[in-house]
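Data file: upload.csv. Format and content: CSV, C-alpha atoms.
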chain,number,residue,atom,x,y,z
A,336,MET,CA,-72.4,-6.8,-32.3
A,337,GLY,CA,-74.3,-3.6,-31.5
A,338,GLY,CA,-77.2,-3.2,-29.2
A,339,VAL,CA,-79.8,-0.7,-30.3
A,340,ALA,CA,-79.8,1.5,-33.4
A,341,LEU,CA,-81.6,4.8,-33.1
A,342,THR,CA,-83.0,6.5,-36.2
A,343,SER,CA,-85.1,9.7,-36.3
A,344,ARG,CA,-87.5,10.6,-33.5
A,345,PHE,CA,-87.1,7.5,-31.4
A,346,LEU,CA,-87.6,7.5,-27.6
A,347,LEU,CA,-85.8,5.2,-25.2
A,348,GLU,CA,-86.9,5.6,-21.6
A,349,ARG,CA,-85.7,3.6,-18.6
A,350,VAL,CA,-84.0,1.1,-20.9
A,351,GLY,CA,-80.7,-0.7,-20.0
A,352,VAL,CA,-78.3,-1.9,-22.7
A,353,TYR,CA,-75.3,-4.0,-21.6
A,354,GLY,CA,-72.6,-6.3,-23.0
A,355,PHE,CA,-72.4,-5.0,-26.6
A,356,ARG,CA,-69.7,-3.4,-28.6
A,357,ALA,CA,-71.8,-0.3,-28.8
A,358,GLY,CA,-74.8,0.0,-26.5
A,359,VAL,CA,-76.6,2.5,-28.7
A,360,ASP,CA,-75.7,3.3,-32.3
A,361,VAL,CA,-77.0,6.9,-32.9
A,362,TRP,CA,-78.4,7.6,-36.4
A,363,ARG,CA,-80.4,10.5,-37.9
A,364,ASP,CA,-81.9,13.2,-35.7
A,365,HIS,CA,-84.2,14.2,-32.8
A,366,SER,CA,-84.1,11.0,-30.8
A,367,SER,CA,-84.1,11.0,-27.0
A,368,LEU,CA,-82.7,8.8,-24.3
A,369,ILE,CA,-84.3,9.4,-20.9
A,370,SER,CA,-83.1,7.7,-17.6
A,371,CYS,CA,-81.3,5.0,-19.6
A,372,GLN,CA,-78.3,2.9,-18.6
A,373,LEU,CA,-75.7,2.2,-21.3
A,374,THR,CA,-73.0,0.5,-19.3
A,375,LYS,CA,-70.7,-2.5,-19.4
A,376,ASN,CA,-70.4,-2.2,-23.2
A,377,HIS,CA,-67.2,-1.4,-25.1
A,378,ILE,CA,-68.7,2.0,-26.1
A,379,GLY,CA,-71.9,3.4,-24.5
A,380,ALA,CA,-73.2,5.5,-27.3
A,381,TYR,CA,-71.6,5.4,-30.7
A,382,TRP,CA,-71.9,7.9,-33.6
A,383,SER,CA,-70.5,5.2,-36.0
A,384,ALA,CA,-69.1,5.2,-39.5
A,385,GLY,CA,-71.5,4.5,-42.3
A,386,THR,CA,-74.4,6.3,-40.5
A,387,ASP,CA,-75.7,9.8,-40.9
A,388,SER,CA,-76.5,11.7,-37.7
A,389,PHE,CA,-78.1,15.1,-38.3
A,390,GLY,CA,-78.0,16.1,-34.7
A,391,ASP,CA,-80.6,17.5,-32.2
A,392,HIS,CA,-80.5,14.4,-30.0
A,393,LEU,CA,-81.3,14.5,-26.2
A,394,PHE,CA,-79.6,12.5,-23.5
A,395,LEU,CA,-81.3,13.2,-20.2
A,396,ASP,CA,-80.4,11.6,-16.9
A,397,THR,CA,-78.6,8.8,-18.7
A,398,ASP,CA,-75.8,6.7,-17.2
A,399,LEU,CA,-73.0,6.1,-19.7
A,400,ALA,CA,-70.3,5.2,-17.2
A,401,GLY,CA,-68.5,1.9,-16.9
A,402,ASN,CA,-67.8,1.0,-20.5
A,403,THR,CA,-64.4,-0.5,-21.4
A,404,LEU,CA,-63.3,2.2,-23.9
A,405,ALA,CA,-65.5,5.3,-23.8
A,406,SER,CA,-68.9,6.6,-22.7
A,407,ILE,CA,-69.3,8.1,-26.1
A,408,ALA,CA,-67.3,7.6,-29.3
A,409,VAL,CA,-67.5,9.3,-32.7
A,410,ALA,CA,-66.2,7.8,-35.9
A,411,PRO,CA,-64.1,10.2,-38.2
A,412,GLU,CA,-66.9,10.2,-40.7
A,413,ASN,CA,-69.4,11.4,-38.1
A,414,GLY,CA,-70.0,14.1,-35.6
A,415,ILE,CA,-72.2,15.2,-32.7
A,416,ASP,CA,-74.2,18.3,-33.6
A,417,HIS,CA,-76.7,20.4,-31.7
A,418,ALA,CA,-77.3,17.7,-29.1
A,419,SER,CA,-78.1,18.2,-25.4
A,420,PHE,CA,-76.6,16.1,-22.6
A,421,ILE,CA,-78.4,17.0,-19.3
A,422,SER,CA,-77.5,15.4,-15.9
A,423,CYS,CA,-75.6,12.6,-17.6
A,424,HIS,CA,-72.9,10.4,-16.0
A,425,LEU,CA,-69.9,9.7,-18.1
A,426,GLY,CA,-66.6,8.1,-17.2
A,427,PHE,CA,-65.3,5.1,-15.2
A,428,SER,CA,-63.6,4.3,-18.5
A,429,PRO,CA,-60.5,5.4,-20.3
A,430,TYR,CA,-62.4,8.3,-22.0
A,431,ALA,CA,-65.7,10.1,-21.5
A,432,ILE,CA,-65.9,11.3,-25.2
A,433,LEU,CA,-63.6,9.9,-27.8
A,434,ALA,CA,-63.0,10.9,-31.4
A,435,GLU,CA,-61.8,7.7,-33.1
A,436,ASP,CA,-58.5,7.8,-35.0
A,437,GLY,CA,-58.5,8.9,-38.6
A,438,ALA,CA,-58.9,12.0,-40.7
A,439,PRO,CA,-62.2,13.6,-39.7
A,440,LYS,CA,-64.8,14.4,-42.3
A,441,ARG,CA,-67.1,16.3,-40.0
A,442,THR,CA,-66.7,18.4,-36.8
A,443,PHE,CA,-66.3,16.1,-33.8
A,444,LEU,CA,-68.4,18.2,-31.4
A,445,SER,CA,-70.3,21.3,-32.6
A,446,ASN,CA,-72.9,23.5,-30.9
A,447,ASN,CA,-73.8,20.9,-28.2
A,448,LYS,CA,-74.9,21.6,-24.6
A,449,PHE,CA,-73.5,19.7,-21.6
A,450,LEU,CA,-75.4,20.7,-18.5
A,451,ASP,CA,-74.6,19.3,-15.1
A,452,CYS,CA,-72.7,16.3,-16.5
A,453,ALA,CA,-70.0,14.4,-14.7
A,454,PHE,CA,-66.8,13.2,-16.5
A,455,GLU,CA,-65.9,11.0,-13.5
A,456,ALA,CA,-63.0,8.7,-13.0
A,457,CYS,CA,-61.6,8.8,-16.6
A,458,GLY,CA,-58.4,7.0,-17.1
A,459,ASN,CA,-56.8,8.9,-20.0
A,460,GLY,CA,-58.8,12.1,-20.2
A,461,TRP,CA,-62.3,13.6,-20.6
A,462,ILE,CA,-62.6,14.6,-24.2
A,463,GLN,CA,-60.0,13.2,-26.6
A,464,GLY,CA,-59.7,14.0,-30.3
A,465,PRO,CA,-56.2,15.1,-31.4
A,466,MET,CA,-57.2,15.5,-35.0
A,467,ALA,CA,-60.8,16.7,-34.3
A,468,GLU,CA,-62.6,20.0,-33.9
A,469,MET,CA,-64.6,21.2,-31.0
A,470,TYR,CA,-66.7,24.2,-32.0
A,471,GLY,CA,-69.4,26.3,-30.3
A,472,ASN,CA,-70.1,23.9,-27.4
A,473,VAL,CA,-71.3,25.0,-23.9
A,474,LEU,CA,-70.4,23.1,-20.7
A,475,ILE,CA,-72.3,24.4,-17.7
A,476,GLY,CA,-72.0,23.0,-14.2
A,477,CYS,CA,-69.9,20.0,-15.4
A,478,SER,CA,-67.1,18.4,-13.4
A,479,GLY,CA,-64.8,15.4,-13.6
A,480,SER,CA,-61.8,13.5,-12.4
A,481,LEU,CA,-59.0,11.2,-13.4
A,482,LEU,CA,-58.5,7.7,-12.0
A,483,PRO,CA,-55.6,5.4,-13.1
A,484,ASP,CA,-57.6,2.3,-12.5
A,485,TYR,CA,-59.3,3.0,-15.9
A,486,ARG,CA,-56.2,4.0,-17.8
A,487,LEU,CA,-55.3,2.2,-21.0
A,488,ALA,CA,-51.8,0.8,-20.8
A,489,GLY,CA,-49.3,2.8,-23.0
A,490,ARG,CA,-51.7,5.7,-23.6
A,491,PRO,CA,-50.6,9.0,-22.0
A,492,VAL,CA,-52.8,11.4,-20.1
A,493,THR,CA,-51.9,14.3,-22.4
A,494,GLY,CA,-54.6,16.5,-21.0
A,495,LEU,CA,-58.2,16.5,-19.9
A,496,ILE,CA,-59.4,18.0,-23.2
A,497,VAL,CA,-57.2,17.2,-26.2
A,498,VAL,CA,-58.4,18.4,-29.7
A,499,ARG,CA,-56.9,19.9,-32.8
A,500,SER,CA,-59.1,23.0,-32.9
A,501,LEU,CA,-60.9,24.6,-30.0
A,502,GLU,CA,-63.1,27.5,-31.1
A,503,ARG,CA,-65.9,29.5,-29.4
A,504,ASN,CA,-66.6,27.1,-26.7
A,505,ARG,CA,-67.8,28.2,-23.3
A,506,PHE,CA,-67.0,26.6,-20.0
A,507,THR,CA,-68.9,28.0,-17.0
A,508,GLY,CA,-70.3,27.2,-13.6
A,509,GLY,CA,-68.0,24.4,-12.6
A,510,SER,CA,-66.9,23.1,-15.9
A,511,ALA,CA,-63.6,25.0,-15.8
A,512,SER,CA,-62.9,23.9,-12.3
A,513,PHE,CA,-60.4,21.4,-13.6
A,514,GLY,CA,-59.3,20.0,-10.2
A,515,ASP,CA,-56.9,21.1,-7.6
A,516,GLY,CA,-54.4,18.2,-7.6
A,517,THR,CA,-56.3,16.2,-5.0
A,518,ASN,CA,-59.5,14.9,-6.6
A,519,ASP,CA,-58.3,15.1,-10.2
A,520,ARG,CA,-54.8,13.7,-9.9
A,521,ALA,CA,-53.6,16.7,-11.8
A,522,ALA,CA,-50.0,15.7,-11.4
A,523,ASP,CA,-50.7,12.8,-13.9
A,524,ILE,CA,-51.4,15.4,-16.7
A,525,GLU,CA,-48.4,15.3,-19.0
A,526,THR,CA,-48.9,18.5,-21.1
A,527,ALA,CA,-51.8,20.7,-19.9
A,528,ALA,CA,-55.4,20.7,-18.8
A,529,VAL,CA,-56.5,21.7,-22.3
A,530,VAL,CA,-54.3,20.8,-25.3
A,531,ALA,CA,-55.0,22.0,-28.9
A,532,SER,CA,-53.3,23.0,-32.1
A,533,SER,CA,-55.4,26.2,-32.2
A,534,ALA,CA,-57.7,27.9,-29.7
A,535,VAL,CA,-59.7,31.0,-30.7
A,536,GLY,CA,-62.6,32.8,-28.9
A,537,ASN,CA,-63.1,30.4,-26.0
A,538,ARG,CA,-64.6,31.5,-22.7
A,539,PHE,CA,-63.5,30.1,-19.3
A,540,GLU,CA,-65.9,31.7,-17.0
A,541,ASP,CA,-65.0,29.8,-13.8
A,542,ALA,CA,-61.2,29.6,-14.3
A,543,GLU,CA,-59.9,30.0,-10.7
A,544,ARG,CA,-58.8,26.3,-10.3
A,545,LEU,CA,-57.8,26.0,-13.9
A,546,ILE,CA,-55.2,28.7,-13.4
A,547,ARG,CA,-54.3,27.2,-10.0
A,548,LEU,CA,-53.1,24.0,-11.8
A,549,GLY,CA,-50.2,26.1,-13.2
A,550,ARG,CA,-49.6,28.1,-10.1
A,551,ASP,CA,-49.3,24.9,-8.0
A,552,GLY,CA,-46.9,23.4,-10.6
A,553,PHE,CA,-49.2,20.5,-11.7
A,554,ALA,CA,-49.8,21.4,-15.3
A,555,PRO,CA,-50.3,24.6,-17.4
A,556,ALA,CA,-53.9,25.5,-18.0
A,557,LEU,CA,-53.6,25.5,-21.8
A,558,SER,CA,-51.0,24.3,-24.3
A,559,ILE,CA,-51.6,25.6,-27.8
A,560,SER,CA,-49.1,24.8,-30.5
A,561,GLY,CA,-50.5,27.2,-33.1
A,562,THR,CA,-53.0,30.1,-33.1
A,563,CYS,CA,-54.0,31.3,-29.6
A,564,ARG,CA,-56.2,34.5,-29.4
A,565,ALA,CA,-59.3,35.9,-27.7
A,566,ASN,CA,-59.5,33.2,-25.1
A,567,ARG,CA,-61.0,35.1,-22.2
A,568,PHE,CA,-61.1,33.9,-18.6
A,569,GLU,CA,-62.8,35.0,-15.3
A,570,ALA,CA,-61.4,34.1,-12.0
A,571,VAL,CA,-62.6,35.0,-8.5
A,572,GLU,CA,-60.7,38.3,-8.2
A,573,CYS,CA,-59.6,39.0,-11.8
A,574,ALA,CA,-60.3,38.5,-15.4
A,575,GLY,CA,-58.2,38.5,-18.6
A,576,GLU,CA,-57.0,36.3,-21.4
A,577,PHE,CA,-54.9,33.2,-22.1
A,578,ARG,CA,-52.1,34.4,-24.3
A,579,LYS,CA,-48.8,32.9,-25.6
A,580,ALA,CA,-45.6,34.1,-24.1
A,581,GLY,CA,-43.2,35.9,-26.4
A,582,ALA,CA,-39.4,35.9,-26.5
A,583,GLY,CA,-37.8,35.2,-23.2
A,584,GLY,CA,-40.9,33.9,-21.6
A,585,VAL,CA,-42.6,35.4,-18.5
A,586,ASP,CA,-42.6,34.8,-14.8
A,587,ALA,CA,-45.6,34.9,-12.5
A,588,GLY,CA,-46.2,38.4,-11.3
A,589,ASN,CA,-44.5,40.1,-14.2
A,590,LEU,CA,-46.0,43.2,-15.7
A,591,VAL,CA,-46.3,42.3,-19.4
A,592,GLN,CA,-46.8,44.2,-22.7
A,593,ARG,CA,-48.5,43.0,-25.9
A,594,ASP,CA,-46.2,41.5,-28.5
A,595,TYR,CA,-48.5,41.2,-31.5
A,596,ASP,CA,-50.7,38.2,-30.5
A,597,ARG,CA,-48.3,37.4,-27.6
A,598,VAL,CA,-47.1,39.0,-24.4
A,599,ARG,CA,-43.6,39.6,-23.0
A,600,ARG,CA,-42.0,41.2,-20.0
A,601,LEU,CA,-42.7,44.9,-19.8
A,602,GLU,CA,-39.9,47.1,-21.2
A,603,GLN,CA,-39.0,50.7,-20.2
A,604,ASP,CA,-41.4,53.3,-21.6
A,605,ARG,CA,-43.9,50.8,-22.9
A,606,PRO,CA,-47.5,50.5,-21.7
A,607,ALA,CA,-48.4,47.6,-19.5
A,608,ASP,CA,-51.1,45.3,-20.8
A,609,GLY,CA,-51.6,43.0,-17.8
A,610,VAL,CA,-50.0,40.8,-15.1
A,611,ALA,CA,-48.9,37.2,-15.8
A,612,LEU,CA,-50.5,34.9,-13.2
A,613,THR,CA,-48.2,32.0,-13.9
A,614,SER,CA,-44.8,31.4,-15.4
A,615,ALA,CA,-44.4,30.3,-19.0
A,616,PRO,CA,-41.5,29.8,-21.5
A,617,ALA,CA,-41.5,31.4,-24.9
A,618,GLY,CA,-44.4,29.8,-26.8
A,619,GLY,CA,-46.2,28.6,-23.7
A,620,VAL,CA,-49.6,29.9,-22.8
A,621,VAL,CA,-50.0,32.2,-19.7
A,622,PRO,CA,-53.1,33.6,-18.1
A,623,VAL,CA,-52.8,37.4,-18.1
A,624,ALA,CA,-55.0,39.4,-15.8
A,625,THR,CA,-56.2,42.6,-17.3
A,626,SER,CA,-58.8,43.7,-14.8
A,627,GLY,CA,-59.5,43.1,-11.1
A,628,THR,CA,-57.0,42.3,-8.4
A,629,ALA,CA,-53.9,40.2,-8.9
A,630,PRO,CA,-50.5,39.6,-7.3
A,631,VAL,CA,-47.7,41.6,-9.0
A,632,GLY,CA,-44.0,41.4,-8.5
A,633,LYS,CA,-42.5,44.5,-6.7
A,634,THR,CA,-39.2,45.9,-5.7
A,635,ARG,CA,-37.9,45.1,-2.2
A,636,ALA,CA,-39.1,48.4,-0.7
A,637,ALA,CA,-42.2,48.5,1.5
A,638,ILE,CA,-45.5,49.5,0.0
A,639,ARG,CA,-48.5,50.8,1.9
A,640,MET,CA,-52.1,49.9,1.1
A,641,GLY,CA,-53.6,52.5,-1.2
A,642,SER,CA,-50.3,53.5,-2.8
A,643,LEU,CA,-50.4,54.3,-6.5
A,644,LEU,CA,-48.1,51.8,-8.2
A,645,ARG,CA,-45.9,52.3,-11.3
A,646,PRO,CA,-43.4,50.1,-13.2
A,647,ALA,CA,-40.1,50.2,-11.4
A,648,GLY,CA,-37.3,52.2,-13.1
A,649,GLY,CA,-34.7,49.5,-13.3
A,650,VAL,CA,-37.0,46.5,-13.5
A,651,PRO,CA,-40.2,47.7,-15.3
A,652,GLN,CA,-41.8,44.2,-15.1
A,653,ARG,CA,-42.1,45.0,-11.3
A,654,VAL,CA,-43.8,47.8,-9.5
A,655,ASP,CA,-43.0,50.4,-6.8
A,656,SER,CA,-44.7,53.3,-5.3
A,657,THR,CA,-42.2,56.0,-6.0
A,658,ALA,CA,-43.2,59.0,-8.1
A,659,GLY,CA,-42.0,59.1,-11.6
A,660,PRO,CA,-42.8,59.6,-15.3
A,661,ALA,CA,-44.2,56.1,-15.9
A,662,ALA,CA,-48.0,55.8,-16.0
A,663,ALA,CA,-49.7,54.2,-13.0
A,664,VAL,CA,-50.7,50.6,-13.5
A,665,GLY,CA,-52.7,50.1,-10.3
A,666,VAL,CA,-53.3,50.6,-6.6
A,667,ALA,CA,-52.0,48.4,-3.7
A,668,VAL,CA,-54.9,46.8,-1.9
A,669,ALA,CA,-52.8,45.6,1.1
A,670,ASP,CA,-49.6,46.5,2.8
A,671,ALA,CA,-46.5,44.7,1.5
A,672,PRO,CA,-43.5,44.8,3.9
A,673,ALA,CA,-39.9,45.6,2.9
A,674,GLY,CA,-38.1,42.5,1.6
A,675,SER,CA,-41.3,40.9,0.2
A,676,ASP,CA,-41.4,40.1,-3.5
A,677,SER,CA,-45.0,40.8,-4.4
A,678,VAL,CA,-48.0,43.0,-3.7
A,679,MET,CA,-51.7,42.6,-4.3
A,680,MET,CA,-52.7,45.3,-6.8
A,681,ASP,CA,-56.0,46.5,-8.1
A,682,LEU,CA,-55.3,46.8,-11.9
A,683,ARG,CA,-55.9,50.3,-13.3
A,684,LEU,CA,-54.4,49.8,-16.7
A,685,GLY,CA,-57.1,52.0,-18.4
A,686,ALA,CA,-55.5,55.0,-16.7
A,687,ARG,CA,-52.3,54.7,-18.7
Just give me the structure of the file as structure tokens.
Amino acid sequence: MGGVALTSRFLLERVGVYGFRAGVDVWRDHSSLISCQLTKNHIGAYWSAGTDSFGDHLFLDTDLAGNTLASIAVAPENGIDHASFISCHLGFSPYAILAEDGAPKRTFLSNNKFLDCAFEACGNGWIQGPMAEMYGNVLIGCSGSLLPDYRLAGRPVTGLIVVRSLERNRFTGGSASFGDGTNDRAADIETAAVVASSAVGNRFEDAERLIRLGRDGFAPALSISGTCRANRFEAVECAGEFRKAGAGGVDAGNLVQRDYDRVRRLEQDRPADGVALTSAPAGGVVPVATSGTAPVGKTRAAIRMGSLLRPAGGVPQRVDSTAGPAAAVGVAVADAPAGSDSVMMDLRLGAR
């Protein structure tokens, strides 16, 4: 049986709900939960089938951790819209937020705000909805981790966020710090940190550690089976876009050129569009730095700091400092000795 059903403009403050199939069944709109505990249920808060939720709910300083399936679950007929989750604790369960199986009739998560929330010790992932849409949400200052103790047997850890469509979401101020392989058990991720059929117009504004997952060989940052465009990222020293790799794939440090909505290794007499920060096979997603400072592959010759760098004649996906007809792509920001494979370059692609 369920615990508490919320309809319009209800307020629960300092209430604990334990031992139910669903601690709180969320209906209608404009209800608030403040400093509540929804733990030791099967589901903490449930947007259930057969109910209408019109959005605008507030969850403030509410503990939703420690439920046997998910902190929050959403039926295919329902969706979470224009809600605010502030300083909430989710996790210590297989999933933090789960879209139940079935053909969705509404958007799973749309135009919600998650501020300073913890997706802690999830067994199978943070946000799970392989058939669902995640549209227009903002995650600011959020963080999370994986913990096998809460994993459902036979269920894979496909990714931390797994949805069908990821569109116009913004991850910033910690929410894109998807772990470094120590606190998040990133090696357990089977596909990528973020998995979707399509991803359009998302912003990853704190993407340093998200990119590092791929650099360290744990998991790619994104795996997108269909459309992938306009997914901007900002890291500590550079910024750019997540793009699919074209024919032949790319290697970390390659100069790349645009290939319609993809990128491929730079070819002779073509303009460079950025530097690949990780390796990816054809069809894989690679972070491409288009501004700032990034490591780029070079020829074996020495390069002095301050040298103007151009695509190398025989291997245009690398750089050297010799004069030539090719347009400059950047300036070396440190010495790179003879025999080394890469150099740190301040990208000056706009000068081409």
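Here atom CA of A:Thr493 stands at a distance of 10.9 Å from atom CA of A:Ile462.
The space separating atom CA of A:Met469 from atom CA of A:Arg578 comes to 19.4 Å.
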Legend entry - Two-atom distance - atom CA of A:Ala531, atom CA of A:Cys573 (Å): 24.5 Å
Name the residues in contact with A:Val352 at a cut-off of 8 Å, using only C-alpha atoms, excluding same-chain residues fewer than 6 positions from it; report them as an mmCIF file with C-alpha atoms, keeping the file's coordinate frame.
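Heads up, here's the output in around36.cif:
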data_model
loop_
_atom_site.group_PDB
_atom_site.id
_atom_site.type_symbol
_atom_site.label_atom_id
_atom_site.label_comp_id
_atom_site.auth_asym_id
_atom_site.auth_seq_id
_atom_site.Cartn_x
_atom_site.Cartn_y
_atom_site.Cartn_z
ATOM 1 C CA GLY A 338 -77.200 -3.200 -29.200
ATOM 2 C CA VAL A 339 -79.800 -0.700 -30.300
ATOM 3 C CA GLY A 358 -74.800 0.000 -26.500
ATOM 4 C CA VAL A 359 -76.600 2.500 -28.700
ATOM 5 C CA GLN A 372 -78.300 2.900 -18.600
ATOM 6 C CA LEU A 373 -75.700 2.200 -21.300
ATOM 7 C CA THR A 374 -73.000 0.500 -19.300
ATOM 8 C CA ASN A 376 -70.400 -2.200 -23.200
#
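Near (-43.0, 57.2, -6.7), the residues inside the 9 Å limit, counting only C-alpha atoms, come to A:Leu643, A:Leu644, A:Arg645, A:Ala647, A:Asp655, A:Ser656, A:Thr657, A:Ala658, A:Gly659, A:Pro660.
Of the residues listed (A:Pro429, A:Asp541, A:Ala488, A:Val350), A:Asp541 shows the shortest atom-to-atom separation from A:Leu474; distances use all atoms listed in the file.
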Legend entry - Polymer residues at most 8 Å from A:Arg486, only C-alpha atoms, same-chain spacing of 5 or more positions, as a ChimeraX atom specification: /A:428-429,457-459
Inset, instruction - Within 9 Å of (-57.8, 13.5, -20.5) (coordinates as in the file), grab all the protein and nucleic acid residues, counting only C-alpha atoms, and write them out as a PyMOL selection string. - result: chain A and resi 429-431+457-463+481+491-497+524+528-529
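For A:Arg344, the list of residues within 9 Å, based on only C-alpha atoms and with local chain neighbours fewer than 5 positions off taken out, reads Arg363, Asp364, His365, Ser366, Ser367 and His392 of chain A.
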